[in-house]
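One structure below.
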Amino acid sequence: MKTLKKYLITLAIGLLSTFLIVWYRGIFSETEPVKIFHTLCDAFFIAGTLLSCGGLLVFSSNEGTFDMIVYGLQSFWGMFRKNRKLKHETFYDYRESRSGKKIKFGYIVFTGLFFLAVSGVMYLLYLKYV
């Protein structure tokens with residue numbers, strides 16, 4: 001049930017962004033199928049790309065890509081605190097504490113891929129009218 005809720009929330013965010021893009025581009029006043037499918041293809045593609053790339057960014061973070069940057073910034077800002085007590089004395093300690101804190105990301109990527117697939121269908125319908 002928790003997983004379904006994550007998918008539904010991510011799907012709602014994607015649909016909201018798609019609706020906003022479609023509304024901004026004025027699809028509700030269009031009558032030509034070419035322009036309608038072009039706008040729908042663009043909107044679903046943008047939402048799908050943002051969701052997929054966001055999920056891949058979470059995957060990248062889980063693998064430790066940004067650990068050195070985060071540790072360095074925490075250490076740097078820690079120098080300016082009055083009570084200079086670091087959570088992690090060394091980078092190794094920081095990496096060990098982060099190793100158990102993985103964020104799930106599959107639902108974001110798969111929802112983004114769904115939006116990209118819908119964009120592909122809209123593109124095929126667009127090509128039918130061109």
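Scheme for the structure tokens: letters A, B, ... for chains in order shown; per-chain residue numbers from 1; ligand numbers from 1 in order shown.
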
Q | Exercise: Val121 in chain A partners within 12 Å, only C-alpha atoms, chain neighbours under 6 positions left out, as a PyMOL selection string | A | chain A and resi 37-38+40-42+44-45+114-115+127-128

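When CA of Thr90 in chain A is paired with CA of Gly72 in chain A, their separation reads 10.3 Å.
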
Q: Determine, counting only C-alpha atoms, which protein, DNA and RNA residues have an atom within 8 Å of an atom of Phe19 in chain A; residues of the same chain fewer than 4 positions away are not included. Present the result as a count of residues only.
A: 3

Kindly provide the residues of range 70-120 of chain A that approach range 6-12 of chain A to within 9 Å, each paired with its closest atom pair and their distance in Å to one decimal, based on only C-alpha atoms, listed by chain and increasing number, as a Markdown table.
| residue | atom | partner | partner_atom | distance |
| --- | --- | --- | --- | --- |
| A:Tyr107 | CA | A:Tyr7 | CA | 5.8 |
| A:Ile108 | CA | A:Thr10 | CA | 6.5 |
| A:Phe110 | CA | A:Tyr7 | CA | 8.8 |
| A:Thr111 | CA | A:Leu11 | CA | 6.4 |
| A:Gly112 | CA | A:Leu11 | CA | 8.5 |
| A:Phe115 | CA | A:Leu11 | CA | 8.8 |

Q | Nearest to Ile103 in chain A by atom-to-atom distance, counting only C-alpha atoms, from A:Val34, A:Leu125, A:Met68, A:Leu57 | A | A:Leu57

**Q.** Selected residue, from A:Ile27, A:Leu124, A:Val109, A:Leu4, that lies nearest to Phe59 in chain A when counting only C-alpha atoms
**A.**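 The answer is A:Val109, which sits nearest to Phe59 in chain A.
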